[in-house]
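Heads up, protein_5.txt below (compact mmCIF, C-alpha atoms):
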# COMPACT_ATOMS: atom_id res chain seq x y z
CA MET A 180 25.63 -44.43 -44.42
CA THR A 181 26.71 -45.65 -41.00
CA LEU A 182 25.51 -43.23 -38.33
CA VAL A 183 27.89 -42.50 -35.48
CA ALA A 184 27.81 -39.96 -32.70
CA ALA A 185 30.81 -37.78 -31.90
CA PRO A 186 31.63 -34.93 -29.50
CA PRO A 187 31.04 -31.35 -30.65
CA VAL A 188 33.63 -29.26 -32.45
CA ALA A 189 31.61 -26.02 -32.27
CA LEU A 190 29.11 -24.22 -30.04
CA TYR A 191 26.17 -21.99 -30.91
CA ALA A 192 24.96 -19.70 -28.09
CA HIS A 193 21.67 -17.88 -28.64
CA VAL A 194 20.94 -14.44 -27.20
CA PRO A 195 17.27 -13.68 -27.95
CA PHE A 196 17.03 -9.95 -27.15
CA CYS A 197 16.37 -7.09 -29.59
CA VAL A 198 15.36 -3.49 -29.03
CA SER A 199 12.52 -4.00 -31.52
CA LEU A 200 11.24 -6.86 -33.66
CA CYS A 201 11.70 -6.60 -37.43
CA PRO A 202 8.46 -7.75 -39.11
CA TYR A 203 10.16 -10.26 -41.43
CA CYS A 204 12.22 -11.95 -38.69
CA ASP A 205 11.49 -15.55 -37.68
CA PHE A 206 14.41 -15.94 -35.28
CA VAL A 207 13.77 -16.46 -31.58
CA VAL A 208 13.59 -12.85 -30.38
CA ASN A 209 12.28 -11.18 -27.23
CA ALA A 210 12.02 -7.46 -27.88
CA GLY A 211 11.12 -4.29 -26.04
CA ALA A 212 10.83 -4.46 -22.25
CA ALA A 213 12.55 -7.85 -22.09
CA ALA A 214 15.66 -6.34 -23.67
CA ARG A 215 15.94 -2.97 -21.90
CA GLY A 216 14.60 -1.14 -18.88
CA PRO A 217 13.47 -2.14 -15.40
CA ARG A 218 11.79 -5.36 -16.60
CA ALA A 219 14.72 -6.52 -18.74
CA ARG A 220 15.47 -10.23 -18.57
CA VAL A 221 19.01 -10.02 -19.92
CA GLU A 222 20.85 -10.53 -16.62
CA ALA A 223 18.66 -13.49 -15.68
CA TYR A 224 19.12 -14.98 -19.13
CA VAL A 225 22.90 -14.79 -18.97
CA ALA A 226 22.82 -16.59 -15.61
CA ALA A 227 20.60 -19.28 -17.11
CA LEU A 228 22.86 -19.60 -20.16
CA LEU A 229 25.88 -20.14 -17.92
CA ALA A 230 23.96 -22.82 -16.02
CA GLU A 231 23.09 -24.54 -19.30
CA VAL A 232 26.74 -24.52 -20.39
CA ASP A 233 27.59 -26.31 -17.14
CA LEU A 234 24.85 -28.91 -17.55
CA ARG A 235 25.69 -29.59 -21.20
CA ALA A 236 29.39 -29.86 -20.28
CA ASP A 237 28.54 -32.32 -17.49
CA ALA A 238 26.74 -34.53 -20.02
CA LEU A 239 29.62 -34.32 -22.49
CA ASP A 240 32.17 -35.10 -19.77
CA ALA A 241 30.18 -38.17 -18.77
CA ARG A 242 29.99 -39.41 -22.35
CA TRP A 243 33.33 -38.40 -23.86
CA GLY A 244 35.60 -37.27 -21.06
CA PRO A 245 36.75 -33.69 -20.36
CA PRO A 246 37.97 -31.38 -23.14
CA GLY A 247 41.57 -31.60 -24.30
CA GLY A 248 43.80 -34.30 -25.69
CA ALA A 249 43.12 -36.51 -28.68
CA VAL A 250 39.75 -36.83 -30.34
CA PRO A 251 38.01 -39.99 -29.07
CA ASP A 252 36.64 -42.65 -31.35
CA ALA A 253 33.10 -42.14 -32.57
CA ALA A 254 30.41 -43.81 -30.51
CA PRO A 255 27.50 -45.90 -31.75
CA ALA A 256 24.52 -43.83 -32.79
CA GLY A 257 21.84 -43.01 -30.28
CA PRO A 258 21.81 -42.04 -26.62
CA PRO A 259 24.47 -43.71 -24.45
CA PRO A 260 23.39 -46.40 -21.98
CA PRO A 261 22.56 -45.01 -18.51
CA ASP A 262 25.72 -46.52 -17.01
CA ALA A 263 28.02 -45.61 -19.93
CA ALA A 264 31.29 -43.93 -19.03
CA PRO A 265 34.20 -42.70 -21.13
CA ALA A 266 37.25 -44.91 -21.42
CA ALA A 267 40.00 -44.21 -18.90
CA GLY A 268 41.96 -41.16 -20.00
CA ALA A 269 39.50 -40.29 -22.75
CA HIS A 270 39.18 -36.65 -23.78
CA ARG A 271 37.00 -34.80 -26.22
CA PRO A 272 38.34 -32.05 -28.47
CA ALA A 273 38.29 -28.41 -27.48
CA LEU A 274 35.90 -26.33 -29.56
CA ALA A 275 37.19 -24.90 -32.82
CA SER A 276 34.48 -22.23 -33.04
CA VAL A 277 31.87 -20.41 -30.98
CA TYR A 278 29.06 -18.41 -32.55
CA VAL A 279 27.05 -16.04 -30.36
CA GLY A 280 23.92 -15.23 -32.36
CA GLY A 281 20.50 -13.77 -31.85
CA GLY A 282 18.63 -11.60 -31.52
CA THR A 283 21.18 -8.87 -30.94
CA PRO A 284 24.04 -10.26 -28.84
CA SER A 285 25.85 -6.92 -29.10
CA LEU A 286 23.26 -5.57 -26.64
CA LEU A 287 25.01 -7.59 -23.93
CA PRO A 288 27.54 -5.82 -21.73
CA ALA A 289 31.09 -6.83 -22.59
CA ALA A 290 31.35 -8.33 -19.09
CA SER A 291 28.49 -10.72 -19.91
CA VAL A 292 30.08 -11.79 -23.19
CA SER A 293 33.33 -12.33 -21.29
CA ALA A 294 31.54 -14.42 -18.64
CA ILE A 295 29.95 -16.61 -21.31
CA LEU A 296 33.21 -17.17 -23.17
CA GLU A 297 35.11 -17.82 -19.94
CA ARG A 298 32.58 -20.46 -18.93
CA VAL A 299 32.76 -22.01 -22.38
CA ARG A 300 36.57 -22.06 -22.21
CA ALA A 301 36.54 -23.63 -18.74
CA ARG A 302 33.87 -26.27 -19.34
CA LEU A 303 33.83 -27.00 -23.08
CA GLY A 304 37.37 -26.05 -24.02
CA LEU A 305 38.39 -23.54 -26.68
CA ALA A 306 41.19 -24.44 -29.06
CA PRO A 307 44.04 -21.98 -29.69
CA GLY A 308 43.09 -19.75 -32.62
CA ALA A 309 39.41 -20.66 -32.34
CA GLU A 310 36.96 -18.54 -34.32
CA VAL A 311 34.63 -16.63 -31.99
CA THR A 312 31.82 -14.79 -33.79
CA LEU A 313 29.43 -12.23 -32.32
CA GLU A 314 26.41 -10.93 -34.24
CA VAL A 315 26.25 -7.13 -34.15
CA ASN A 316 23.46 -4.72 -35.04
CA PRO A 317 24.88 -1.50 -36.51
CA GLY A 318 22.67 1.03 -34.75
CA PRO A 319 24.68 3.39 -32.52
CA ASP A 320 22.81 2.18 -29.43
CA GLU A 321 22.99 -1.48 -30.46
CA ARG A 322 26.53 -2.15 -31.70
CA GLY A 323 27.79 -2.36 -28.13
CA ASP A 324 31.29 -2.22 -26.69
CA LEU A 325 33.30 -3.59 -29.60
CA ALA A 326 36.66 -3.15 -27.88
CA GLY A 327 35.26 -4.89 -24.81
CA PHE A 328 34.04 -7.79 -26.97
CA VAL A 329 37.52 -8.19 -28.45
CA ALA A 330 39.01 -8.20 -24.94
CA ALA A 331 36.49 -10.94 -24.07
CA GLY A 332 37.77 -13.10 -26.93
CA VAL A 333 35.62 -12.21 -29.95
CA THR A 334 37.57 -12.55 -33.22
CA ARG A 335 34.82 -12.12 -35.81
CA ALA A 336 31.79 -9.83 -36.17
CA SER A 337 28.72 -10.57 -38.27
CA ILE A 338 27.02 -7.22 -38.87
CA GLY A 339 23.32 -7.18 -39.78
CA ALA A 340 23.37 -4.45 -42.43
CA GLN A 341 20.56 -5.98 -44.61
CA SER A 342 20.52 -2.97 -46.97
CA LEU A 343 22.35 0.30 -47.56
CA VAL A 344 19.29 2.07 -48.99
CA PRO A 345 17.35 4.20 -46.47
CA SER A 346 13.88 3.45 -47.90
CA GLU A 347 14.53 -0.32 -47.80
CA LEU A 348 15.77 -0.18 -44.22
CA ARG A 349 12.61 1.67 -43.21
CA ARG A 350 10.44 -0.88 -45.04
CA LEU A 351 12.25 -3.72 -43.27
CA GLY A 352 11.70 -2.12 -39.88
CA ARG A 353 15.42 -1.69 -39.27
CA ARG A 354 16.45 0.97 -36.74
CA HIS A 355 19.78 1.93 -38.32
CA ALA A 356 20.81 4.11 -41.27
CA PRO A 357 23.40 3.26 -43.97
CA ALA A 358 25.94 5.54 -42.26
CA ASP A 359 25.63 3.43 -39.12
CA VAL A 360 26.87 0.37 -41.02
CA SER A 361 29.96 2.25 -42.14
CA ALA A 362 30.54 3.55 -38.61
CA THR A 363 30.21 0.04 -37.18
CA VAL A 364 32.69 -1.46 -39.64
CA THR A 365 35.16 1.33 -38.88
CA ALA A 366 34.72 0.86 -35.12
CA ALA A 367 35.08 -2.92 -35.42
CA ARG A 368 38.34 -2.54 -37.31
CA ALA A 369 39.62 -0.02 -34.77
CA ALA A 370 38.69 -2.40 -31.94
CA GLY A 371 40.82 -5.12 -33.49
CA ILE A 372 38.15 -7.50 -34.79
CA ALA A 373 40.07 -9.66 -37.23
CA SER A 374 37.27 -10.71 -39.57
CA ILE A 375 34.14 -8.75 -40.50
CA SER A 376 31.07 -10.10 -42.27
CA LEU A 377 28.05 -8.20 -43.59
CA ASP A 378 24.55 -9.67 -43.99
CA LEU A 379 22.49 -8.34 -46.92
CA LEU A 380 18.97 -9.11 -48.15
CA TYR A 381 17.59 -9.15 -51.68
CA ASP A 382 14.05 -9.58 -53.04
CA VAL A 383 13.10 -6.90 -50.54
CA PRO A 384 9.76 -5.14 -51.23
CA GLY A 385 10.48 -1.97 -53.15
CA GLN A 386 14.01 -3.02 -54.08
CA THR A 387 15.11 -2.32 -57.68
CA PRO A 388 18.17 -3.42 -59.66
CA THR A 389 19.56 0.08 -59.15
CA SER A 390 19.06 0.05 -55.39
CA TRP A 391 20.49 -3.49 -55.10
CA ASP A 392 23.56 -2.42 -57.06
CA ALA A 393 23.93 0.55 -54.71
CA THR A 394 23.86 -1.77 -51.70
CA LEU A 395 26.42 -4.10 -53.26
CA ARG A 396 28.73 -1.24 -54.18
CA GLY A 397 28.37 0.36 -50.77
CA ALA A 398 29.06 -2.93 -49.00
CA LEU A 399 32.18 -3.63 -51.06
CA ASP A 400 33.44 -0.09 -50.45
CA LEU A 401 33.44 -0.88 -46.72
CA GLY A 402 36.05 -3.59 -47.28
CA PRO A 403 34.42 -6.55 -45.51
CA ASP A 404 36.11 -9.94 -45.34
CA HIS A 405 32.89 -11.92 -45.79
CA LEU A 406 29.40 -11.36 -47.18
CA SER A 407 26.21 -13.35 -46.59
CA LEU A 408 23.46 -12.60 -49.10
CA TYR A 409 19.99 -14.04 -48.52
CA ALA A 410 16.73 -13.78 -50.41
CA LEU A 411 14.09 -12.43 -48.05
CA THR A 412 11.89 -15.36 -47.04
CA LEU A 413 8.53 -14.86 -45.36
CA ASP A 414 7.69 -18.19 -43.76
CA ASP A 415 4.85 -19.04 -41.40
CA PRO A 416 6.23 -20.98 -38.41
CA ASP A 417 2.76 -21.15 -36.84
CA ALA A 418 1.36 -22.99 -39.88
CA GLU A 419 4.39 -25.27 -39.91
CA GLY A 420 3.70 -26.36 -36.33
CA LEU A 421 6.95 -24.93 -34.93
CA THR A 422 5.49 -22.68 -32.23
CA GLY A 423 3.97 -25.02 -29.66
CA PRO A 424 5.14 -25.29 -26.02
CA LEU A 425 8.19 -27.31 -27.10
CA GLY A 426 8.61 -25.61 -30.47
CA ASP A 427 11.82 -23.91 -31.54
CA HIS A 428 10.01 -20.78 -32.86
CA LEU A 429 7.89 -18.12 -31.22
CA PRO A 430 4.39 -17.26 -32.50
CA THR A 431 4.33 -14.58 -35.19
CA PRO A 432 2.88 -11.27 -33.89
CA SER A 433 -0.23 -9.98 -35.63
CA GLY A 434 1.58 -6.86 -36.87
CA ALA A 435 4.27 -8.98 -38.50
CA ARG A 436 1.57 -11.10 -40.14
CA ARG A 437 0.00 -8.01 -41.69
CA TRP A 438 3.39 -6.76 -42.87
CA ARG A 439 4.18 -10.08 -44.52
CA ALA A 440 0.78 -10.27 -46.20
CA ALA A 441 1.44 -6.85 -47.75
CA ALA A 442 5.04 -7.69 -48.69
CA LEU A 443 4.50 -11.07 -50.34
CA PRO A 444 2.81 -9.74 -53.53
CA GLU A 445 5.79 -7.43 -54.07
CA GLN A 446 8.29 -10.28 -54.19
CA ASP A 447 9.27 -11.79 -57.52
CA GLU A 448 11.25 -14.98 -58.19
CA ASP A 449 12.68 -13.68 -61.47
CA ALA A 450 13.79 -10.44 -59.84
CA ALA A 451 15.38 -12.43 -57.01
CA ALA A 452 17.26 -14.61 -59.52
CA ALA A 453 18.49 -11.52 -61.36
CA ALA A 454 19.64 -9.96 -58.07
CA TYR A 455 21.58 -13.11 -57.23
CA GLU A 456 23.25 -13.09 -60.65
CA ARG A 457 24.24 -9.44 -60.22
CA ALA A 458 25.70 -10.22 -56.82
CA CYS A 459 27.71 -13.16 -58.18
CA ASP A 460 29.19 -10.94 -60.89
CA ALA A 461 30.00 -8.08 -58.52
CA LEU A 462 31.56 -10.24 -55.82
CA ASP A 463 33.51 -12.38 -58.27
CA ALA A 464 34.98 -9.21 -59.78
CA ALA A 465 35.91 -7.98 -56.29
CA GLY A 466 37.91 -11.13 -55.52
CA PHE A 467 35.43 -12.90 -53.26
CA ARG A 468 34.95 -16.67 -53.50
CA ARG A 469 31.42 -18.03 -53.37
CA TYR A 470 32.14 -20.98 -51.10
CA GLU A 471 28.47 -21.65 -50.28
CA ILE A 472 25.28 -20.75 -52.12
CA SER A 473 24.68 -17.62 -50.04
CA ASN A 474 28.17 -16.87 -48.70
CA TRP A 475 31.25 -15.21 -50.16
CA ALA A 476 34.65 -14.70 -48.52
CA ARG A 477 38.11 -13.38 -49.11
CA PRO A 478 40.75 -16.13 -48.78
CA GLY A 479 40.98 -17.35 -45.20
CA HIS A 480 37.80 -15.62 -44.03
CA GLU A 481 35.26 -18.38 -44.67
CA SER A 482 32.97 -18.88 -41.67
CA ARG A 483 34.55 -21.84 -39.92
CA HIS A 484 31.51 -22.16 -37.69
CA ASN A 485 29.00 -22.36 -40.54
CA LEU A 486 31.24 -24.83 -42.36
CA VAL A 487 30.68 -27.15 -39.40
CA TYR A 488 26.97 -27.13 -40.27
CA TRP A 489 27.48 -27.58 -44.01
CA GLU A 490 30.01 -30.35 -43.49
CA ARG A 491 27.61 -32.03 -41.06
CA ARG A 492 30.03 -32.13 -38.16
CA PRO A 493 28.75 -32.28 -34.55
CA TYR A 494 28.02 -29.12 -32.58
CA GLU A 495 26.63 -28.17 -29.18
CA ALA A 496 24.11 -25.39 -28.57
CA VAL A 497 22.74 -23.40 -25.65
CA GLY A 498 19.93 -20.88 -25.36
CA THR A 499 16.28 -20.60 -26.32
CA GLY A 500 15.42 -22.25 -29.63
CA ALA A 501 19.01 -23.43 -30.14
CA HIS A 502 19.76 -26.65 -32.04
CA ALA A 503 22.55 -29.16 -31.37
CA PHE A 504 23.67 -32.19 -33.37
CA ASP A 505 25.94 -35.14 -32.54
CA GLY A 506 26.03 -36.86 -35.94
CA HIS A 507 22.90 -38.92 -35.32
CA THR A 508 20.50 -37.02 -33.07
CA ARG A 509 19.31 -33.45 -33.50
CA ARG A 510 18.24 -31.69 -30.30
CA TRP A 511 16.59 -28.34 -29.68
CA SER A 512 15.51 -26.19 -26.79
CA ALA A 513 12.04 -24.66 -26.71
CA ALA A 514 11.87 -21.01 -27.79
CA ALA A 515 9.81 -19.66 -24.89
CA LEU A 516 11.86 -17.45 -22.58
CA GLU A 517 10.17 -17.81 -19.18
CA PRO A 518 10.16 -21.64 -19.05
CA TYR A 519 13.84 -21.55 -20.02
CA LEU A 520 14.64 -19.18 -17.16
CA ALA A 521 12.47 -21.03 -14.64
CA THR A 522 14.17 -24.36 -15.41
CA LEU A 523 17.77 -23.21 -15.50
CA ALA A 524 17.61 -20.44 -12.91
CA PRO A 525 14.89 -21.48 -10.43
CA PRO A 526 13.87 -18.88 -7.82
CA HIS A 527 15.96 -18.61 -4.69
CA GLY A 528 14.41 -20.60 -1.88
CA SER A 529 12.52 -22.91 -4.22
CA GLY A 530 14.76 -25.86 -3.39
CA LEU A 531 15.05 -26.64 -7.09
CA ALA A 532 18.37 -27.24 -8.78
CA PRO A 533 19.06 -25.97 -12.30
CA ALA A 534 17.86 -28.48 -14.91
CA LEU A 535 18.10 -28.75 -18.67
CA PRO A 536 15.47 -26.67 -20.47
CA PRO A 537 12.40 -28.08 -22.21
CA GLY A 538 12.75 -29.01 -25.86
CA GLY A 539 12.80 -31.98 -28.17
CA PHE A 540 14.99 -34.24 -30.27
CA GLU A 541 14.95 -36.18 -33.54
CA GLU A 542 16.94 -39.32 -34.28
CA LEU A 543 17.91 -39.48 -37.94
CA ASP A 544 17.82 -42.66 -40.01
CA ALA A 545 20.47 -43.52 -42.59
CA LEU A 546 18.34 -42.45 -45.56
CA THR A 547 17.56 -39.03 -44.07
CA ALA A 548 21.17 -38.54 -43.08
CA THR A 549 22.38 -39.36 -46.59
CA ALA A 550 19.95 -36.87 -48.13
CA GLU A 551 20.97 -34.24 -45.61
CA GLU A 552 24.67 -34.82 -46.25
CA THR A 553 24.15 -34.58 -50.01
CA ILE A 554 22.11 -31.37 -49.84
CA LEU A 555 24.50 -29.67 -47.43
CA GLY A 556 27.48 -30.71 -49.53
CA LEU A 557 25.93 -29.37 -52.71
CA ARG A 558 25.44 -26.01 -51.03
CA THR A 559 29.23 -25.61 -50.90
CA ASP A 560 31.74 -25.24 -53.71
CA ARG A 561 33.34 -28.55 -52.68
CA GLY A 562 30.26 -30.41 -53.81
CA VAL A 563 29.79 -34.11 -53.12
CA PRO A 564 31.47 -37.30 -54.33
CA ALA A 565 29.79 -38.77 -57.39
CA PRO A 566 27.68 -41.77 -56.29
CA ALA A 567 29.62 -45.00 -56.65
CA ALA A 568 26.48 -46.95 -57.55
CA GLU A 569 23.01 -46.31 -58.91
CA ALA A 570 21.66 -47.63 -55.63
CA HIS A 571 22.84 -44.47 -53.85
CA PRO A 572 19.69 -42.66 -52.67
CA ALA A 573 20.66 -39.44 -54.45
CA ALA A 574 22.07 -40.99 -57.64
CA ALA A 575 19.01 -40.35 -59.81
CA ALA A 576 18.60 -36.77 -58.60
CA LEU A 577 22.27 -35.96 -59.21
CA ALA A 578 22.20 -37.52 -62.68
CA TRP A 579 19.14 -35.41 -63.51
CA ALA A 580 20.86 -32.25 -62.21
CA VAL A 581 23.93 -32.89 -64.38
CA ALA A 582 21.78 -33.62 -67.45
CA GLU A 583 19.85 -30.37 -66.92
CA GLY A 584 23.00 -28.29 -66.49
CA LEU A 585 22.25 -27.61 -62.83
CA ALA A 586 25.31 -29.53 -61.71
CA GLU A 587 28.58 -30.65 -63.24
CA ALA A 588 30.92 -33.55 -62.61
CA GLY A 589 34.50 -32.45 -62.00
CA ALA A 590 37.71 -34.23 -62.90
CA ASP A 591 38.19 -34.87 -59.17
CA GLY A 592 35.12 -37.10 -59.09
CA ARG A 593 32.93 -34.59 -57.27
CA ILE A 594 29.62 -33.10 -58.36
CA ARG A 595 29.03 -29.38 -57.87
CA LEU A 596 26.11 -27.09 -58.59
CA THR A 597 26.57 -24.69 -61.49
CA ARG A 598 25.60 -21.05 -61.02
CA ARG A 599 22.24 -21.86 -62.63
CA GLY A 600 22.00 -24.82 -60.26
CA ALA A 601 22.59 -22.53 -57.30
CA LEU A 602 19.66 -20.40 -58.50
CA LEU A 603 17.45 -23.48 -58.84
CA SER A 604 18.93 -25.42 -55.92
CA ASN A 605 15.55 -26.04 -54.29
CA GLU A 606 14.46 -28.03 -57.36
CA VAL A 607 17.55 -30.20 -57.04
CA PHE A 608 17.16 -30.63 -53.29
CA ALA A 609 13.47 -31.56 -53.62
CA ARG A 610 14.44 -34.50 -55.82
CA ILE A 611 17.01 -35.68 -53.26
CA VAL A 612 14.60 -35.81 -50.34

Spit out the file's structure as structure tokens when you get a sec.
Amino acid sequence: MTLVAAPPVALYAHVPFCVSLCPYCDFVVNAGAAARGPRARVEAYVAALLAEVDLRADALDARWGPPGGAVPDAAPAGPPPPDAAPAAGAHRPALASVYVGGGTPSLLPAASVSAILERVRARLGLAPGAEVTLEVNPGPDERGDLAGFVAAGVTRASIGAQSLVPSELRRLGRRHAPADVSATVTAARAAGIASISLDLLYDVPGQTPTSWDATLRGALDLGPDHLSLYALTLDDPDAEGLTGPLGDHLPTPSGARRWRAAALPEQDEDAAAAAYERACDALDAAGFRRYEISNWARPGHESRHNLVYWERRPYEAVGTGAHAFDGHTRRWSAAALEPYLATLAPPHGSGLAPALPPGGFEELDALTATAEETILGLRTDRGVPAPAAEAHPAAAALAWAVAEGLAEAGADGRIRLTRRGALLSNEVFARIV
């Protein structure tokens, strides 16, 4: 694989605030006083986020030219030389999607969401018909001003339902009730949100086949356009070395550690596999297409933003813990809130100008990039082209997957995971890396 860098076609903006922290959550979240009340950091964070958009746009302008016009040729991999400049008249493409995630971005005032999207439109460009997603928590005091979000430019809502069973929501530490999910979907439709997605979890402690079926039925009855179904995973970012000063995760609170220690023995791989199978059957029967291992959509409602990730196209990112990718180099910002604010929004009178936040980067080699491209492609129903030669780094792993019935070779020359392969995808992916 020849590695080339290219300008972004999508933007992820992270909003790290939640009213409370769910004990299973490993996302970059600042809860409690940081989110609400006299010590809230939301207003300062939005100002810092806007400053980061400007600084990232300045760097993109210098490398690729301003947004608009034709897509420029790909550049050689790696950082540009210090004196590099775009060719005369060069332009980079306007963004095809923006995803505002969290955290709970719906806690933001509509005016703040509008300010973010206006800055993105002005500095990064936003293509006509672009998909603009906002993550929404369904609690009545968390779903926010849905009509205001639509007026700001939001076209898609991703609603964190997780379950429609009261006992499971309590066990997960969620603040909403099943009726709140229904009310949020109804309000989102009334506000004019064109595409609605629901997030659901399975392999939840205490979940049974009956309760999972009830969640699936209840979700389908709400008429969503898209469903994301994830097995509950209880990772340890501290043990994985992701929580240092430049890490993209925050340390796990002691209470969350105790909750996870109690929950882990109640999880079961066979039960999770059975739940996945039940979901596949139910969603297939309801007319949804499983276009990625964990994602189903009605025609035309696939997440265009997430497809950018799975198709390994370049994307920009702003906010604490956010990751960006240009086709060769992966970059992230550190998760810690206060250093982010201090760097991008220095105190008045300090004499300091806004600067890019702390973080890190990783330059990929061709072998890693090939493995990544193969794994991401196999996650989707498009699959990957069959290797043209046995020397392809993934050839042996793909041949094994086909022989074991975990993948199949189509008449179009592409290899796709079977349903059994989707269940055992980690075994396939482990052989590729």

Which of A:Ser512, A:Thr522, A:Ser407, A:Ser276 sits closest to A:His428 [using all atoms listed in the file]: A:Ser512

Give me the residues of stretch 329-395 of chain A that have any atom at most 12 Å from an atom of stretch 291-301 of chain A; for each, the nearest atom pair and the distance in Å, rounded to one decimal. Use all atoms listed in the file, sort by chain and number, and format it as a tab-separated table.
residue	atom	partner	partner_atom	distance
A:Val329	CA	A:Ser293	CA	9.3
A:Ala330	CA	A:Ser293	CA	7.9
A:Ala331	CA	A:Ser293	CA	4.4
A:Gly332	CA	A:Leu296	CA	7.2
A:Val333	CA	A:Leu296	CA	8.7
A:Thr334	CA	A:Leu296	CA	11.9

Determine, counting only C-alpha atoms, which protein, DNA and RNA residues have an atom within 6 Å of an atom of stretch 208-222 of chain A; residues of the same chain fewer than 2 positions away are not included. Present the result as a count of residues only. 10

For A:Pro187, which of A:Ala226, A:Ile594, A:Ala503, A:Ala289 is the closest residue, counting all atoms listed in the file?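 Of the candidates, the smallest distance to A:Pro187 is held by A:Ala503.
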
Report, in Å with one decimal, the straight-line distance from atom CA of A:Arg610 to atom CA of A:Ala548. 15.0 Å

Return as AutoDock Vina command-line options the box centre and box size in Å, one decimal, for an axis-aligned box around all listed atoms of stretch 201-217 of chain A padded by 6 Å per side.
--center_x 12.2 --center_y -8.8 --center_z -28.4 --size_x 19.5 --size_y 27.3 --size_z 38.0

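Coordinates place atom CA of A:Asp544 at a distance of 7.9 Å from atom CA of A:His507.
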
How many Å lie between atom CA of A:Tyr278 and atom CA of A:Pro430, rounded to one decimal? 24.7 Å

What's the 7 Å shell around A:Gly244, counting only C-alpha atoms, without same-chain residues fewer than 5 positions away, as a PDB file with C-alpha atoms, keeping the file's coordinate frame?
ATOM      1  CA  LEU A 239      29.620 -34.320 -22.490  1.00  0.00           C
ATOM      2  CA  PRO A 265      34.200 -42.700 -21.130  1.00  0.00           C
ATOM      3  CA  ALA A 269      39.500 -40.290 -22.750  1.00  0.00           C
ATOM      4  CA  HIS A 270      39.180 -36.650 -23.780  1.00  0.00           C
ATOM      5  CA  ARG A 271      37.000 -34.800 -26.220  1.00  0.00           C
TER       6      ARG A 271
END

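A cut-off of 12 Å from the point (38.2, -38.9, -59.5), with only C-alpha atoms, picks out the residues Val563, Pro564, Ala565, Pro566, Ala567, Ala588, Gly589, Ala590, Asp591, Gly592, Arg593 and Ile594 of chain A.
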
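With distances taken over all atoms listed in the file, A:Gly280 is the one residue among A:Pro526, A:Pro246, A:Gly280, A:Gly318 lying closest to A:Gly498.
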
For stretch 372-374 of chain A, work out the shell of residues within 6 Å, counting only C-alpha atoms and skipping chain neighbours fewer than 2 positions away, then give it as an NGL selection string. :A and (334-335 or 367-368 or 370 or 404)

Residue selection dump (C-alpha atoms) as a JSON list (two decimals), in the coordinates of the input:
[["chain", "number", "residue", "atom", "x", "y", "z"],
["A", 334, "THR", "CA", 37.57, -12.55, -33.22],
["A", 335, "ARG", "CA", 34.82, -12.12, -35.81],
["A", 367, "ALA", "CA", 35.08, -2.92, -35.42],
["A", 368, "ARG", "CA", 38.34, -2.54, -37.31],
["A", 370, "ALA", "CA", 38.69, -2.40, -31.94],
["A", 404, "ASP", "CA", 36.11, -9.94, -45.34]]

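Among the candidates A:Ala369, A:Pro202, A:Leu287, A:Thr412, the one nearest to A:Arg437 when counting only C-alpha atoms is A:Pro202.
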
When distances are computed from all atoms listed in the file, which of A:Val581, A:Val383, A:Cys201, A:Ala573 shows the smallest separation from A:Ala609? A:Ala573

Quick one: residues within 7 Å of stretch 389-401 of chain A, only C-alpha atoms, excluding same-chain residues fewer than 4 positions away - as an MDAnalysis selection string? chainID A and resid 342:344 361

May I have the protein, DNA and RNA residues with any atom at most 12 Å from the point (22.7, -42.2, -42.6), counting only C-alpha atoms, written as a short mmCIF file (atom, residue, chain, number, x, y, z; two decimals) with C-alpha atoms, in the frame of the given file?
data_model
loop_
_atom_site.label_atom_id
_atom_site.label_comp_id
_atom_site.auth_asym_id
_atom_site.auth_seq_id
_atom_site.Cartn_x
_atom_site.Cartn_y
_atom_site.Cartn_z
CA MET A 180 25.63 -44.43 -44.42
CA THR A 181 26.71 -45.65 -41.00
CA LEU A 182 25.51 -43.23 -38.33
CA VAL A 183 27.89 -42.50 -35.48
CA ALA A 184 27.81 -39.96 -32.70
CA ALA A 256 24.52 -43.83 -32.79
CA ARG A 491 27.61 -32.03 -41.06
CA GLY A 506 26.03 -36.86 -35.94
CA HIS A 507 22.90 -38.92 -35.32
CA THR A 508 20.50 -37.02 -33.07
CA GLU A 542 16.94 -39.32 -34.28
CA LEU A 543 17.91 -39.48 -37.94
CA ASP A 544 17.82 -42.66 -40.01
CA ALA A 545 20.47 -43.52 -42.59
CA LEU A 546 18.34 -42.45 -45.56
CA THR A 547 17.56 -39.03 -44.07
CA ALA A 548 21.17 -38.54 -43.08
CA THR A 549 22.38 -39.36 -46.59
CA ALA A 550 19.95 -36.87 -48.13
CA GLU A 551 20.97 -34.24 -45.61
CA GLU A 552 24.67 -34.82 -46.25
CA THR A 553 24.15 -34.58 -50.01
CA HIS A 571 22.84 -44.47 -53.85
CA PRO A 572 19.69 -42.66 -52.67
#
